[in-house]
Amino acid sequence: AETFDTRTLLKNAAEQAINKSGARWLAGEVKCFFIEDTTQIYEHLIGKLAQRPKHTKVHYATHRGSFVAGMEQLRAQDRNPFSTNSPVFALIDPFGPTDLPFSEVRNLLSRPSCEVLVNLDSDGVTRIYSAGESAAHRKHLTALFGDDSWDEELNDAPTQAEAARRVLNLYKKKLRTLPNVHYAFSFEMRKKADVLDYHLVFASGHPRGVQ
């Protein structure tokens, strides 16, 4: 994730859920792993987390680096969430659309107990497409979608707004091709001027996750 406030809110939400449940809490420990590539934001994140009192059932670790590098580090740990059937919720919030490889999303969702919420910068994707080779669009968009299906989908979009809608629809279509994904639900996030900012895309294999 990019936004430190979002991450601390997630940690706080886990603590509050456990505290309110009391003896009814059956899920055991909650482990949070926060990835941040920007040094200044990472240091701010560390400061925010340090302000929180320790909780006996909520633990966290951090990684300063890219999303891909952070995932590699997480998988290399002896006690990582991918070595068991523990449920995983992944909030993927990159800075722009270029650090969100579909291969990593596919790996996460290969687990039936994983759900993903992606910040899809659909408007940014259209700008990269319009910039062409000067923005290395083939490299970035093929990584984002996992193949070159974006080329045919975007080549005749009449407006940037329509192109952004096609980006969203294609991304959800790609998610639904994954064996454990039965639901791909999106939220359109708009700026104060009532123009598209980005989409949040949620993927899950269970109807309760969508609810």
# chains A, B, ... in the order shown; residues from 1 in each chain; ligands from 1
call {"tool": "select_by_dssp", "arguments": {"residues": "region 4-196 of chain A", "states": "strand (DSSP E or B)", "output": "ChimeraX atom specification"}}
result
/A:30-36,55,58-64,88-92,114-120,183-190,196
call {"tool": "write_last_selection", "arguments": {"atoms": "C-alpha atoms", "output": "tab-separated table (two decimals), in the first residue's frame"}}
result
chain	number	residue	atom	x	y	z
A	30	VAL	CA	-3.50	-11.35	12.88
A	31	LYS	CA	-0.23	-10.64	11.08
A	32	CYS	CA	0.21	-7.46	9.05
A	33	PHE	CA	2.98	-6.96	6.49
A	34	PHE	CA	3.41	-3.40	5.18
A	35	ILE	CA	5.39	-2.60	2.02
A	36	GLU	CA	6.51	0.92	1.08
A	55	HIS	CA	-1.42	-5.96	20.98
A	58	VAL	CA	-1.86	-8.32	16.25
A	59	HIS	CA	1.69	-8.32	14.93
A	60	TYR	CA	3.31	-6.45	12.06
A	61	ALA	CA	6.46	-6.34	9.97
A	62	THR	CA	7.56	-3.81	7.36
A	63	HIS	CA	9.60	-3.77	4.17
A	64	ARG	CA	11.08	-0.73	2.43
A	88	VAL	CA	-4.88	-13.50	3.45
A	89	PHE	CA	-6.27	-10.05	2.63
A	90	ALA	CA	-3.98	-8.05	0.33
A	91	LEU	CA	-4.45	-4.31	-0.21
A	92	ILE	CA	-2.33	-3.39	-3.24
A	114	CYS	CA	-7.01	-14.98	-0.33
A	115	GLU	CA	-8.89	-11.81	-1.21
A	116	VAL	CA	-7.38	-8.79	-2.93
A	117	LEU	CA	-8.32	-5.11	-3.06
A	118	VAL	CA	-6.43	-3.33	-5.85
A	119	ASN	CA	-6.04	0.39	-6.46
A	120	LEU	CA	-6.32	0.34	-10.24
A	183	TYR	CA	-16.35	-12.24	-7.91
A	184	ALA	CA	-14.68	-9.04	-9.09
A	185	PHE	CA	-16.40	-5.93	-7.74
A	186	SER	CA	-15.29	-2.35	-8.38
A	187	PHE	CA	-15.75	1.08	-6.80
A	188	GLU	CA	-15.29	4.25	-8.85
A	189	MET	CA	-13.38	6.91	-6.93
A	190	ARG	CA	-13.91	10.46	-8.18
A	196	LEU	CA	-12.45	9.92	-12.40
call {"tool": "closest_atom_pairs", "arguments": {"of": "region 20-134 of chain A", "to": "region 140-160 of chain A", "cutoff": "10 Å", "atoms": "only C-alpha atoms", "output": "CSV"}}
result
residue,atom,partner,partner_atom,distance
A:Pro97,CA,A:Leu144,CA,7.4
A:Thr98,CA,A:His140,CA,5.8
A:Asp99,CA,A:Leu144,CA,8.0
A:Leu100,CA,A:Leu144,CA,5.8
A:Pro101,CA,A:Leu144,CA,4.8
A:Phe102,CA,A:Leu144,CA,5.1
A:Ser103,CA,A:Gly146,CA,6.5
A:Glu104,CA,A:Leu144,CA,9.8
A:Val105,CA,A:Leu144,CA,9.5
A:Arg106,CA,A:Gly146,CA,9.1
A:Leu120,CA,A:Leu144,CA,9.6
A:Ser122,CA,A:Gln160,CA,9.9
A:Asp123,CA,A:Gln160,CA,7.7
A:Val125,CA,A:Leu141,CA,7.5
A:Thr126,CA,A:Gln160,CA,6.6
A:Arg127,CA,A:Gln160,CA,8.3
A:Ile128,CA,A:Leu141,CA,8.2
A:Tyr129,CA,A:Leu141,CA,7.8
A:Ser130,CA,A:Gln160,CA,9.1
call {"tool": "residues_around", "arguments": {"residues": "region 107-110 of chain A", "least_positions_apart": "6", "cutoff": "8 Å", "atoms": "only C-alpha atoms", "output": "list in words"}}
result
Val116, Leu178, Pro179, Asn180 and Val181 of chain A
call {"tool": "select_by_dssp", "arguments": {"residues": "region 115-149 of chain A", "states": "alpha helix (DSSP H)", "output": "ChimeraX atom specification"}}
result
/A:122-131,137-145,149
call {"tool": "atom_distance", "arguments": {"atom1": "CA of Arg138 (chain A)", "atom2": "CA of Val195 (chain A)"}}
result
26.3 Å
call {"tool": "residues_around", "arguments": {"residues": "Leu45 (chain A)", "least_positions_apart": "2", "cutoff": "9 Å", "atoms": "only C-alpha atoms", "output": "list in words"}}
result
Thr3, Phe4, Asp5, Arg7, Thr8, Phe34, Glu36, Gln40, Ile41, Tyr42, Glu43, Gly47, Lys48, Leu49 and Ala50 of chain A
